[in-house]
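K.L.:
Provided below: protein.txt, containing compact mmCIF, C-alpha atoms and all ligand atoms.
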```txt
# COMPACT_ATOMS: atom_id res chain seq x y z
CA MET M 256 21.25 -97.06 211.38
CA ALA M 257 20.27 -93.64 210.06
CA VAL M 258 23.55 -92.22 211.29
CA ALA M 259 25.50 -95.01 209.63
CA ALA M 260 23.65 -94.46 206.35
CA ALA M 261 24.23 -90.73 206.47
CA GLN M 262 27.87 -91.32 207.27
CA LYS M 263 28.19 -93.60 204.29
CA ASN M 264 26.58 -91.04 202.01
CA ARG M 265 28.97 -88.41 203.27
CA GLU M 266 31.89 -90.73 202.57
CA MET M 267 30.74 -91.03 198.99
CA PHE M 268 31.16 -87.32 198.52
CA ALA M 269 34.15 -87.02 200.86
CA ILE M 270 36.86 -84.55 200.04
CA LYS M 271 39.82 -86.26 198.47
CA LYS M 272 42.00 -83.28 197.67
CA SER M 273 44.67 -81.73 199.81
CA TYR M 274 45.29 -78.04 200.17
CA SER M 275 47.61 -76.74 197.54
CA ILE M 276 47.53 -74.05 194.93
CA GLU M 277 47.78 -76.81 192.31
CA ASN M 278 44.52 -78.27 193.68
CA GLY M 279 42.81 -74.90 193.42
CA TYR M 280 43.49 -73.58 196.92
CA PRO M 281 43.35 -69.79 196.57
CA SER M 282 46.55 -68.73 198.32
CA ARG M 283 49.79 -69.89 199.89
CA ARG M 284 48.83 -68.82 203.36
CA ARG M 285 45.95 -70.69 204.94
CA SER M 286 42.89 -69.17 206.59
CA LEU M 287 39.64 -70.65 207.86
CA VAL M 288 37.69 -68.57 205.34
CA ASP M 289 39.78 -69.80 202.41
CA ASP M 290 39.51 -73.31 203.86
CA ALA M 291 35.73 -73.12 203.86
CA ARG M 292 35.62 -71.70 200.31
CA PHE M 293 37.96 -74.42 199.14
CA GLU M 294 35.82 -76.99 200.90
CA THR M 295 32.65 -75.75 199.15
CA LEU M 296 34.39 -75.87 195.78
CA VAL M 297 35.89 -79.31 196.27
CA VAL M 298 32.66 -80.76 197.65
CA LYS M 299 30.85 -79.42 194.57
CA GLN M 300 33.44 -80.83 192.18
CA THR M 301 33.53 -84.19 193.94
CA LYS M 302 29.75 -84.41 193.95
CA GLN M 303 29.68 -83.54 190.27
CA SER M 304 32.18 -86.22 189.32
CA VAL M 305 30.51 -88.88 191.51
CA LEU M 306 27.18 -88.10 189.84
CA GLU M 307 28.64 -88.01 186.33
CA GLU M 308 30.37 -91.34 186.87
CA ALA M 309 27.17 -92.92 188.15
CA ARG M 310 25.17 -91.50 185.26
CA ALA M 311 27.68 -92.82 182.76
CA ARG M 312 27.49 -96.23 184.44
CA ALA M 313 23.70 -96.15 184.30
CA ASN M 314 23.78 -95.37 180.60
CA ASP M 315 26.32 -98.12 179.87
CA SER M 316 24.73 -100.73 182.06
CA GLY M 317 23.05 -103.64 180.33
CA LEU M 318 20.55 -103.98 183.16
CA ASP M 319 19.37 -100.47 182.72
CA SER M 320 19.02 -100.58 178.98
CA GLU M 321 17.13 -103.84 179.33
CA PHE M 322 14.88 -102.04 181.73
CA ILE M 323 14.18 -99.23 179.29
CA GLN M 324 12.79 -101.94 177.10
CA ASP M 325 10.83 -103.16 180.10
CA GLY M 326 9.17 -99.81 180.25
CA ILE M 327 8.12 -100.15 176.66
CA HIS M 328 7.18 -103.79 177.05
CA ILE M 329 4.73 -102.99 179.78
CA GLY M 330 2.61 -101.36 177.12
CA ASN M 331 3.22 -104.09 174.59
CA GLY M 332 1.88 -106.74 176.85
CA ASP M 333 5.20 -108.60 176.99
CA ASN M 334 6.51 -110.10 180.15
CA THR M 335 8.47 -107.79 182.33
CA PRO M 336 11.21 -109.57 184.24
CA THR M 337 10.73 -107.49 187.35
CA VAL M 338 7.01 -108.11 187.57
CA GLU M 339 7.00 -111.76 188.36
CA ASP M 340 3.48 -112.01 189.61
CA GLY M 341 1.93 -109.49 187.22
CA THR M 342 -0.61 -111.03 184.89
CA GLN M 343 -0.77 -110.39 181.21
CA GLN M 344 -4.03 -108.58 181.73
CA ASP M 345 -2.60 -106.32 184.39
CA GLU M 346 0.30 -105.37 182.26
CA THR M 347 -1.89 -104.49 179.33
CA LYS M 348 -4.07 -102.24 181.43
CA ASN M 349 -1.12 -100.89 183.13
CA GLY M 350 0.57 -100.35 179.82
CA HIS M 351 -1.12 -97.02 179.29
CA LEU M 352 1.32 -95.53 181.70
CA ALA M 353 4.38 -96.24 179.66
CA ASP M 354 2.87 -97.31 176.43
CA ALA M 355 1.57 -94.73 174.02
CA ASP M 356 3.72 -92.00 175.42
CA VAL M 357 7.00 -93.72 174.79
CA GLY M 358 8.68 -93.20 171.49
CA ASP M 359 11.11 -95.89 170.34
CA ASN M 360 13.98 -93.48 170.37
CA LYS M 361 13.54 -92.99 174.14
CA ALA M 362 15.52 -96.13 174.78
CA ASP M 363 18.59 -94.57 173.22
CA GLU M 364 18.44 -91.36 175.19
CA ASP M 365 20.82 -90.59 178.01
CA TYR M 366 19.27 -91.36 181.33
CA THR M 367 20.06 -88.68 183.87
CA LEU M 368 20.06 -89.87 187.44
CA THR M 369 19.34 -87.43 190.21
CA GLU M 370 21.56 -87.31 193.28
CA GLU M 371 19.02 -89.34 195.25
CA GLU M 372 18.93 -92.01 192.58
CA VAL M 373 22.73 -92.22 192.48
CA ILE M 374 22.74 -92.79 196.22
CA LEU M 375 20.00 -95.38 195.89
CA GLN M 376 21.75 -97.06 193.00
CA ASN M 377 25.05 -97.21 194.87
CA ALA M 378 23.32 -98.69 197.90
CA ALA M 379 21.63 -101.27 195.64
CA SER M 380 24.82 -102.22 193.83
CA GLU M 381 26.66 -103.33 196.96
CA SER M 382 25.40 -106.91 196.89
CA PRO M 383 22.46 -108.99 195.67
CA GLU M 384 20.95 -108.71 199.17
CA ALA M 385 21.38 -104.92 199.14
CA GLU M 386 19.66 -104.83 195.76
CA GLN M 387 16.64 -106.63 197.17
CA ALA M 388 16.62 -104.72 200.48
CA VAL M 389 13.34 -102.94 201.06
CA GLN M 390 13.67 -99.19 200.84
CA GLN M 391 11.27 -96.55 201.99
CA ALA M 392 11.00 -93.67 199.57
CA ALA M 393 8.89 -90.68 198.69
CA LEU M 394 8.03 -89.87 195.10
CA LEU M 395 6.65 -86.63 193.78
CA LEU M 396 4.79 -87.08 190.51
CA ARG M 397 3.66 -84.18 188.37
CA MET M 398 0.58 -85.41 186.53
CA ARG M 399 -0.24 -83.64 183.29
CA ASP M 400 -3.57 -85.35 182.63
CA GLY M 401 -5.45 -85.16 185.88
CA MET M 402 -6.41 -88.04 188.14
CA GLY M 403 -6.85 -90.46 185.28
CA SER M 404 -3.27 -91.66 185.50
CA LEU M 405 -3.46 -92.24 189.26
CA ALA M 406 -5.05 -95.67 189.03
CA ARG M 407 -2.42 -96.74 186.55
CA ILE M 408 0.36 -95.51 188.81
CA LEU M 409 -1.02 -97.54 191.70
CA LYS M 410 -1.23 -100.62 189.54
CA THR M 411 2.33 -100.14 188.34
CA ILE M 412 3.56 -99.86 191.92
CA ASP M 413 1.69 -103.03 192.73
CA ASN M 414 3.36 -104.76 189.79
CA TYR M 415 6.74 -103.76 191.16
CA LYS M 416 5.73 -105.33 194.47
CA GLY M 417 5.67 -101.97 196.16
CA CYS M 418 3.57 -101.10 199.13
CA ILE M 419 1.98 -97.65 199.35
CA GLN M 420 2.25 -96.07 202.80
CA HIS M 421 0.84 -92.67 202.02
CA LEU M 422 -0.72 -90.88 199.09
CA GLU M 423 -1.84 -87.31 198.72
CA THR M 424 -2.64 -85.09 195.77
CA ARG M 425 -3.09 -81.41 195.24
CA PRO M 426 -3.80 -79.15 192.26
CA SER M 427 -0.41 -78.28 190.83
CA GLN M 428 0.95 -74.79 190.54
CA VAL M 429 3.22 -75.85 187.72
CA PRO M 430 1.95 -74.67 184.31
CA GLY M 431 0.81 -77.59 182.16
CA VAL M 432 0.48 -79.90 185.16
CA GLN M 433 -2.95 -80.65 186.62
CA PHE M 434 -2.05 -82.45 189.84
CA ASP M 435 0.95 -83.22 191.99
CA ALA M 436 0.92 -86.56 193.79
CA LEU M 437 3.10 -87.38 196.75
CA LEU M 438 3.53 -91.10 197.25
CA LYS M 439 5.37 -92.80 200.04
CA VAL M 440 6.22 -96.34 199.13
CA THR M 441 8.29 -99.26 200.29
CA MET M 442 9.79 -101.63 197.78
CA SER M 443 13.06 -103.31 196.92
CA ARG M 444 15.75 -100.88 195.82
CA ILE M 445 16.14 -102.42 192.41
CA ASN M 446 12.41 -102.27 191.74
CA LEU M 447 12.28 -98.71 192.98
CA LEU M 448 14.94 -97.63 190.52
CA GLN M 449 13.16 -99.44 187.74
CA LEU M 450 9.80 -97.99 188.71
CA ILE M 451 11.20 -94.47 188.54
CA ARG M 452 12.71 -95.18 185.19
CA SER M 453 9.47 -96.61 183.93
CA LEU M 454 7.43 -93.64 185.09
CA ARG M 455 9.90 -91.28 183.49
CA GLN M 456 9.32 -92.93 180.14
CA SER M 457 5.77 -91.65 180.15
CA THR M 458 4.79 -88.22 178.91
CA ALA M 459 1.85 -88.39 181.31
CA PHE M 460 4.26 -86.91 183.85
CA ALA M 461 5.99 -83.58 183.70
CA GLY M 462 8.27 -84.79 186.47
CA VAL M 463 9.03 -87.86 188.57
CA ASN M 464 11.21 -87.05 191.56
CA LEU M 465 12.60 -89.26 194.24
CA MET M 466 12.56 -87.19 197.40
CA SER M 467 14.89 -87.60 200.31
CA GLU M 468 13.58 -90.07 202.82
CA ASN M 469 15.54 -91.81 205.57
CA ASN M 470 18.75 -90.10 204.60
CA ILE M 471 18.87 -91.32 201.07
CA SER M 472 19.89 -87.83 200.06
CA SER M 473 22.94 -85.87 201.06
CA LYS M 474 21.17 -82.60 200.22
CA THR M 475 19.87 -82.24 203.75
CA PRO M 476 23.05 -82.44 205.72
CA TRP M 477 23.09 -84.80 208.64
CA PHE M 478 24.22 -83.09 211.82
CA PRO M 479 25.10 -84.28 215.30
CA CYS M 480 22.33 -84.10 217.91
CA HIS M 481 24.45 -85.15 220.86
CA ALA M 482 28.13 -84.80 221.73
CA SER M 483 28.54 -88.55 221.18
CA ASP M 484 27.54 -88.03 217.52
CA LEU M 485 30.79 -86.10 217.14
CA ASP M 486 32.40 -89.53 216.74
CA ASN M 487 31.13 -89.11 213.16
CA CYS M 488 32.50 -85.59 212.75
CA ASN M 489 36.10 -86.36 211.98
CA HIS M 490 36.35 -85.54 208.31
CA LEU M 491 39.71 -84.11 207.40
CA MET M 492 40.61 -81.61 204.76
CA THR M 493 44.26 -82.56 204.84
CA LYS M 494 44.00 -86.28 204.69
CA TYR M 495 47.20 -86.67 202.74
CA GLU M 496 49.31 -84.01 204.36
CA PRO M 497 52.23 -83.78 204.96
CA GLU M 498 52.64 -86.56 202.38
CA LEU M 499 51.20 -84.47 199.55
CA ASP M 500 52.17 -80.96 200.48
CA MET M 501 55.69 -80.35 199.22
CA ASN M 502 55.86 -77.17 201.29
CA HIS M 503 55.28 -79.09 204.51
CA PRO M 504 58.56 -79.18 206.46
CA GLY M 505 57.95 -82.87 207.19
CA PHE M 506 57.41 -83.77 203.53
CA ALA M 507 60.82 -85.41 203.13
CA ASP M 508 61.16 -86.62 206.73
CA LYS M 509 59.89 -90.15 206.91
CA GLU M 510 60.45 -90.45 210.63
CA TYR M 511 58.44 -87.28 211.30
CA ARG M 512 55.58 -88.46 209.13
CA GLU M 513 55.53 -91.79 210.93
CA ARG M 514 55.39 -90.10 214.35
CA ARG M 515 52.66 -87.72 213.22
CA LYS M 516 50.64 -90.62 211.84
CA GLN M 517 51.02 -92.62 215.05
CA ILE M 518 49.65 -89.76 217.14
CA ALA M 519 46.88 -89.04 214.63
CA GLU M 520 45.73 -92.67 214.90
CA ILE M 521 44.72 -91.98 218.50
CA ALA M 522 42.14 -89.51 217.23
CA PHE M 523 40.69 -91.97 214.74
CA ALA M 524 40.26 -94.55 217.51
CA TYR M 525 38.86 -92.09 220.04
CA LYS M 526 35.22 -92.41 221.06
CA TYR M 527 33.00 -90.07 223.07
CA GLY M 528 33.49 -90.55 226.80
CA ASP M 529 37.02 -91.97 226.54
CA PRO M 530 39.73 -90.17 228.47
CA ILE M 531 42.13 -88.55 225.99
CA PRO M 532 45.23 -90.77 225.85
CA SER M 533 48.46 -89.18 227.09
CA ILE M 534 51.32 -88.72 224.67
CA SER M 535 54.82 -89.20 225.83
CA TYR M 536 56.38 -86.28 223.97
CA THR M 537 60.03 -86.52 222.98
CA GLU M 538 62.71 -84.15 224.17
CA SER M 539 62.82 -82.53 220.75
CA GLU M 540 59.03 -82.02 220.73
CA ASN M 541 59.12 -80.44 224.17
CA ALA M 542 62.00 -78.21 223.02
CA THR M 543 59.91 -76.99 220.07
CA TRP M 544 57.07 -76.17 222.46
CA GLN M 545 59.47 -74.32 224.75
CA ARG M 546 60.73 -72.08 221.93
CA VAL M 547 57.22 -71.10 220.88
CA PHE M 548 55.98 -70.79 224.47
CA ASN M 549 58.77 -68.39 225.44
CA THR M 550 58.20 -66.31 222.29
CA VAL M 551 54.50 -66.02 223.11
CA LEU M 552 55.40 -64.96 226.65
CA ASP M 553 57.59 -62.19 225.20
CA LEU M 554 54.97 -60.98 222.75
CA MET M 555 51.94 -61.30 225.02
CA PRO M 556 52.19 -58.05 227.05
CA LYS M 557 52.18 -55.94 223.90
CA HIS M 558 49.98 -57.94 221.57
CA ALA M 559 47.50 -60.07 223.53
CA CYS M 560 44.03 -58.97 224.64
CA LYS M 561 43.05 -58.82 228.31
CA GLU M 562 40.96 -62.01 228.17
CA TYR M 563 43.82 -64.02 226.66
CA LYS M 564 46.26 -62.80 229.31
CA VAL M 565 43.89 -63.60 232.18
CA ALA M 566 43.24 -67.15 230.97
CA PHE M 567 46.91 -67.70 230.19
CA GLY M 568 47.75 -66.74 233.78
CA LYS M 569 45.19 -69.25 235.09
CA LEU M 570 46.67 -72.01 232.92
CA GLN M 571 50.11 -71.20 234.32
CA ALA M 572 48.77 -71.18 237.87
CA ALA M 573 47.22 -74.63 237.28
CA ASP M 574 50.68 -75.88 236.25
CA ILE M 575 49.32 -76.74 232.80
CA PHE M 576 51.19 -74.07 230.86
CA VAL M 577 54.85 -74.56 231.75
CA PRO M 578 57.80 -73.92 229.43
CA HIS M 579 59.50 -77.31 229.52
CA ARG M 580 56.55 -79.66 228.89
CA ILE M 581 53.76 -79.87 226.32
CA PRO M 582 50.43 -79.94 228.19
CA GLN M 583 48.35 -83.11 227.92
CA LEU M 584 44.96 -82.61 226.29
CA GLU M 585 43.13 -84.43 229.09
CA ASP M 586 44.47 -81.92 231.67
CA VAL M 587 43.53 -79.00 229.42
CA SER M 588 40.09 -80.49 228.89
CA SER M 589 39.46 -80.74 232.66
CA PHE M 590 40.64 -77.16 233.08
CA LEU M 591 38.27 -75.87 230.40
CA ARG M 592 35.34 -77.91 231.71
CA LYS M 593 35.73 -76.21 235.06
CA HIS M 594 35.85 -72.69 233.59
CA THR M 595 33.45 -72.69 230.65
CA GLY M 596 32.12 -76.21 230.19
CA PHE M 597 34.21 -76.69 227.04
CA THR M 598 35.98 -80.02 226.59
CA LEU M 599 38.51 -81.32 224.10
CA ARG M 600 38.56 -84.34 221.89
CA PRO M 601 41.56 -85.38 219.80
CA ALA M 602 41.54 -84.61 216.06
CA ALA M 603 43.69 -86.34 213.46
CA GLY M 604 44.37 -83.20 211.42
CA LEU M 605 42.60 -80.20 210.02
CA LEU M 606 38.88 -80.87 210.09
CA THR M 607 36.36 -79.73 207.55
CA ALA M 608 34.82 -76.41 208.57
CA ARG M 609 31.45 -78.18 208.97
CA ASP M 610 32.77 -80.71 211.48
CA PHE M 611 34.87 -78.16 213.32
CA LEU M 612 31.90 -75.82 213.75
CA ALA M 613 29.50 -78.65 214.67
CA SER M 614 31.74 -79.56 217.61
CA LEU M 615 31.54 -76.03 218.96
CA ALA M 616 27.76 -76.45 219.24
CA PHE M 617 28.41 -79.00 222.00
CA ARG M 618 31.17 -76.94 223.60
CA VAL M 619 33.68 -79.39 222.25
CA PHE M 620 36.91 -78.27 220.66
CA GLN M 621 38.66 -80.77 218.42
CA SER M 622 42.39 -80.50 218.95
CA THR M 623 45.33 -82.11 217.20
CA GLN M 624 47.93 -83.80 219.39
CA TYR M 625 50.99 -84.10 217.15
CA VAL M 626 53.74 -81.46 217.10
CA ARG M 627 55.05 -79.39 214.19
CA HIS M 628 58.40 -80.23 212.60
CA ALA M 629 61.41 -79.27 214.73
CA ASN M 630 63.00 -77.39 211.82
CA SER M 631 60.12 -74.96 211.62
CA PRO M 632 59.06 -74.05 215.18
CA PHE M 633 57.40 -70.76 214.23
CA HIS M 634 55.36 -71.90 211.28
CA THR M 635 53.28 -74.94 210.50
CA PRO M 636 51.11 -75.30 207.38
CA GLU M 637 48.59 -77.40 209.29
CA PRO M 638 47.29 -77.13 212.86
CA ASP M 639 49.36 -78.88 215.53
CA CYS M 640 48.93 -79.02 219.30
CA ILE M 641 51.10 -75.95 219.84
CA HIS M 642 48.77 -73.95 217.61
CA GLU M 643 45.71 -75.28 219.46
CA LEU M 644 47.13 -74.85 222.93
CA LEU M 645 48.62 -71.40 222.59
CA GLY M 646 46.24 -70.10 219.93
CA HIS M 647 42.81 -71.40 220.89
CA ILE M 648 42.74 -72.71 224.44
CA PRO M 649 43.15 -69.50 226.48
CA LEU M 650 40.15 -67.87 224.80
CA LEU M 651 37.99 -70.96 225.22
CA ALA M 652 38.53 -70.49 228.96
CA ASP M 653 36.84 -67.08 228.68
CA PRO M 654 33.07 -67.35 229.38
CA SER M 655 31.83 -64.84 226.81
CA PHE M 656 34.12 -66.12 224.06
CA ALA M 657 33.05 -69.68 224.88
CA GLN M 658 29.39 -68.68 224.64
CA PHE M 659 29.87 -66.96 221.30
CA SER M 660 31.81 -69.95 219.95
CA GLN M 661 28.98 -72.28 220.90
CA GLU M 662 26.41 -70.03 219.24
CA ILE M 663 28.32 -70.06 215.97
CA GLY M 664 28.50 -73.83 216.29
CA LEU M 665 24.74 -74.11 216.85
CA ALA M 666 24.06 -71.94 213.81
CA SER M 667 26.17 -74.29 211.69
CA LEU M 668 24.13 -77.44 212.38
CA GLY M 669 22.36 -78.51 209.21
CA ALA M 670 23.49 -75.35 207.41
CA SER M 671 24.19 -75.25 203.68
CA ASP M 672 27.76 -75.13 202.33
CA SER M 673 27.49 -71.41 201.61
CA GLU M 674 26.18 -70.74 205.13
CA ILE M 675 29.11 -72.71 206.55
CA GLU M 676 31.40 -70.46 204.53
CA LYS M 677 29.83 -67.37 206.08
CA LEU M 678 30.02 -68.80 209.60
CA SER M 679 33.67 -69.67 209.05
CA THR M 680 34.27 -66.03 208.17
CA VAL M 681 32.80 -65.00 211.54
CA SER M 682 34.62 -67.78 213.35
CA SER M 683 38.01 -66.93 211.85
CA GLY M 684 37.43 -63.27 212.62
CA ILE M 685 37.40 -64.04 216.32
CA SER M 686 39.99 -66.82 216.56
FE FE M 701 43.07 -73.01 214.48
```
Have the structure of the file written as structure tokens, please.

P.N.:
Amino acid sequence: MAVAAAQKNREMFAIKKSYSIENGYPSRRRSLVDDARFETLVVKQTKQSVLEEARARANDSGLDSEFIQDGIHIGNGDNTPTVEDGTQQDETKNGHLADADVGDNKADEDYTLTEEEVILQNAASESPEAEQAVQQAALLLRMRDGMGSLARILKTIDNYKGCIQHLETRPSQVPGVQFDALLKVTMSRINLLQLIRSLRQSTAFAGVNLMSENNISSKTPWFPCHASDLDNCNHLMTKYEPELDMNHPGFADKEYRERRKQIAEIAFAYKYGDPIPSISYTESENATWQRVFNTVLDLMPKHACKEYKVAFGKLQAADIFVPHRIPQLEDVSSFLRKHTGFTLRPAAGLLTARDFLASLAFRVFQSTQYVRHANSPFHTPEPDCIHELLGHIPLLADPSFAQFSQEIGLASLGASDSEIEKLSTVSSGIS
């Protein structure tokens, strides 16, 4: 469940831009470092626009403005629609919380949702059942006036039919704030949102923050803990390529795009533990491989390092690297497993740097299976299986390179976007 929720939150902020200079990609030629920088930028922009949209919705929404009045009504002794079982007496007592501190003009002010609240609000808006679903949450309240407001907070939570799981206080280090209170509560999502809003109306608090609990925030990145979790690490940077990239040689070739899509579908359907499905490559695809393979053979003696040459020789000896036939990923995977414990899983395109690096932590390399366009055998704007097989695989069969790759992968788990950028710099320096 937690994984599914995290996955959903990630989808909300998923990258929806393809690589292109028009979309802000820094250069014509691609590199893992530029990819990671682009990813950071796009994730930031996407997050910003998702949050702005949600905030605008919150400010426009009738429900929310009605609730602002609720906050004021609590103090006025009027009925509050969300507090069905609250008595008049309770509300009056409880009114101190929102009452005297709330100026009338507060209702007209913009209400700024935090990222956590946007996620909560989106989860609540899915259906009436989702709205009423009980959510566990942690709230950090900065209390200006000492413990006096604590009793009123507890009563308010009770009125919103919340259940307190944990409460602790400490003297605050924030100037002008006497105590910080950490409250863990369970209550329906809709009531939780309204409770936060209500508390924010009061000047008794210098801050009311919803903290991340049970993956309601995307600030702490979810990361895979087992190789099977990599089923969730298939986010692509190039979702719309070659459809969107006019420089892609397959841009105007409908048949090519169809074939590429068909092969990419295998990756989307793939689950941990499955054997990697074989592809019956066409004559033209095998011919493209042959041209690149023979060129690499020519260039290798002068340009390749010792480790690459040794592993390449082993792949030839195992009858995996042959000129006339594109190797099948399953055969390559078995070969790598034997030499360094690395395995392959199919990828549908260029992965986000975060997902690519996370796989390395489990000694898994995500490899595309489709082949570049026949008209451009020596250059492809996106990774294809020829790039993976001739570019990456030989070094993954080298024990020290494999070890280093895994260590970079481990360092990436749960890392921030800027740390992922730095790790991509290291990773691209060695690949
Ligand atoms: Fe690559």

K.L.:
For ligand FE 701 (chain M), collect every residue having any atom at a distance of at most 7 Å from a ligand atom (counting all atoms listed in the file); output as a list in words.

P.N.:
Pro638, His642, Glu643, Gly646 and His647 of chain M

K.L.:
Give as an NGL selection string the set of residues within 12 Å of the point (67.7, -77.6, 212.3), where distances use the file's coordinates and only C-alpha atoms.

P.N.:
:M and (504 or 539 or 543 or 628-632)

K.L.:
Would you please work out which residue, of M:Arg399, M:Arg514, M:Arg444, M:Arg407, is nearest to Val463 in chain M when using only C-alpha atoms?

P.N.:
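Nearest to Val463 in chain M: M:Arg399.
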
K.L.:
Quick one: everything within 12 Å of Gly604 in chain M, counting all atoms listed in the file, minus sequence neighbours fewer than 2 positions away in the same chain. Send it as a short mmCIF file (atom, residue, chain, number, x, y, z; two decimals) with C-alpha atoms, keeping the file's coordinate frame.

P.N.:
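Saved result, out03.cif, follows:
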```
data_model
loop_
_atom_site.label_atom_id
_atom_site.label_comp_id
_atom_site.auth_asym_id
_atom_site.auth_seq_id
_atom_site.Cartn_x
_atom_site.Cartn_y
_atom_site.Cartn_z
CA SER M 273 44.67 -81.73 199.81
CA ASN M 489 36.10 -86.36 211.98
CA HIS M 490 36.35 -85.54 208.31
CA LEU M 491 39.71 -84.11 207.40
CA MET M 492 40.61 -81.61 204.76
CA THR M 493 44.26 -82.56 204.84
CA LYS M 494 44.00 -86.28 204.69
CA TYR M 495 47.20 -86.67 202.74
CA GLU M 496 49.31 -84.01 204.36
CA PRO M 497 52.23 -83.78 204.96
CA ARG M 515 52.66 -87.72 213.22
CA LYS M 516 50.64 -90.62 211.84
CA ILE M 518 49.65 -89.76 217.14
CA ALA M 519 46.88 -89.04 214.63
CA GLU M 520 45.73 -92.67 214.90
CA ILE M 521 44.72 -91.98 218.50
CA ALA M 522 42.14 -89.51 217.23
CA PHE M 523 40.69 -91.97 214.74
CA PRO M 601 41.56 -85.38 219.80
CA ALA M 602 41.54 -84.61 216.06
CA LEU M 606 38.88 -80.87 210.09
CA THR M 607 36.36 -79.73 207.55
CA ASP M 610 32.77 -80.71 211.48
CA PHE M 611 34.87 -78.16 213.32
CA GLN M 621 38.66 -80.77 218.42
CA SER M 622 42.39 -80.50 218.95
CA THR M 623 45.33 -82.11 217.20
CA GLN M 624 47.93 -83.80 219.39
CA TYR M 625 50.99 -84.10 217.15
CA VAL M 626 53.74 -81.46 217.10
CA ARG M 627 55.05 -79.39 214.19
CA PRO M 636 51.11 -75.30 207.38
CA GLU M 637 48.59 -77.40 209.29
CA PRO M 638 47.29 -77.13 212.86
CA ASP M 639 49.36 -78.88 215.53
CA CYS M 640 48.93 -79.02 219.30
CA HIS M 642 48.77 -73.95 217.61
CA GLU M 643 45.71 -75.28 219.46
#
```

K.L.:
Tell me which of M:Ile575, M:Glu540, M:Pro479, M:Tyr511 sits closest to Ser667 in chain M, counting all atoms listed in the file.

P.N.:
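Checking each of M:Ile575, M:Glu540, M:Pro479, M:Tyr511 against Ser667 in chain M, counting all atoms listed in the file, the winner is M:Pro479.
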
K.L.:
Would you compute the distance between CA of Ile581 in chain M and CA of Trp544 in chain M? Give it in Å to one decimal.

P.N.:
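Calculated distance between CA of Ile581 in chain M and CA of Trp544 in chain M is 6.3 Å.
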
K.L.:
Hey, which of M:Ala507, M:Leu438, M:Ile648, M:Leu448 ends up closest to Ala378 in chain M? Count all atoms listed in the file.

P.N.:
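With all atoms listed in the file as the atom set, the closest residue is M:Leu448.
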
K.L.:
Would you please work out which residue, of M:Cys560, M:Ala406, M:Thr635, M:Leu465, is nearest to Phe506 in chain M when using all atoms listed in the file?

P.N.:
M:Thr635

K.L.:
Nearest to Lys416 in chain M among M:Gln661, M:Asn446, M:Ser673, M:Thr301, with distances taken over only C-alpha atoms: which residue is it?

P.N.:
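Between M:Gln661, M:Asn446, M:Ser673, M:Thr301, the residue approaching Lys416 in chain M most closely is M:Asn446.
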
K.L.:
Report the distance between CA of Asn377 in chain M and CA of Asn414 in chain M in Å, rounded to one decimal place.

P.N.:
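That distance, rounded to one decimal, is 23.5 Å.
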
K.L.:
My list of candidates is M:Leu678, M:Glu513, M:Gln583, M:Val373. Which is closest to Asn541 in chain M when distances are computed with all atoms listed in the file?

P.N.:
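Of all the options, M:Gln583 lies closest to Asn541 in chain M.
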
K.L.:
One decimal, Å: what's the distance from CA of Asp484 in chain M over to CA of Ala666 in chain M, could you say?

P.N.:
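Result for CA of Asp484 in chain M versus CA of Ala666 in chain M: 16.9 Å, one decimal.
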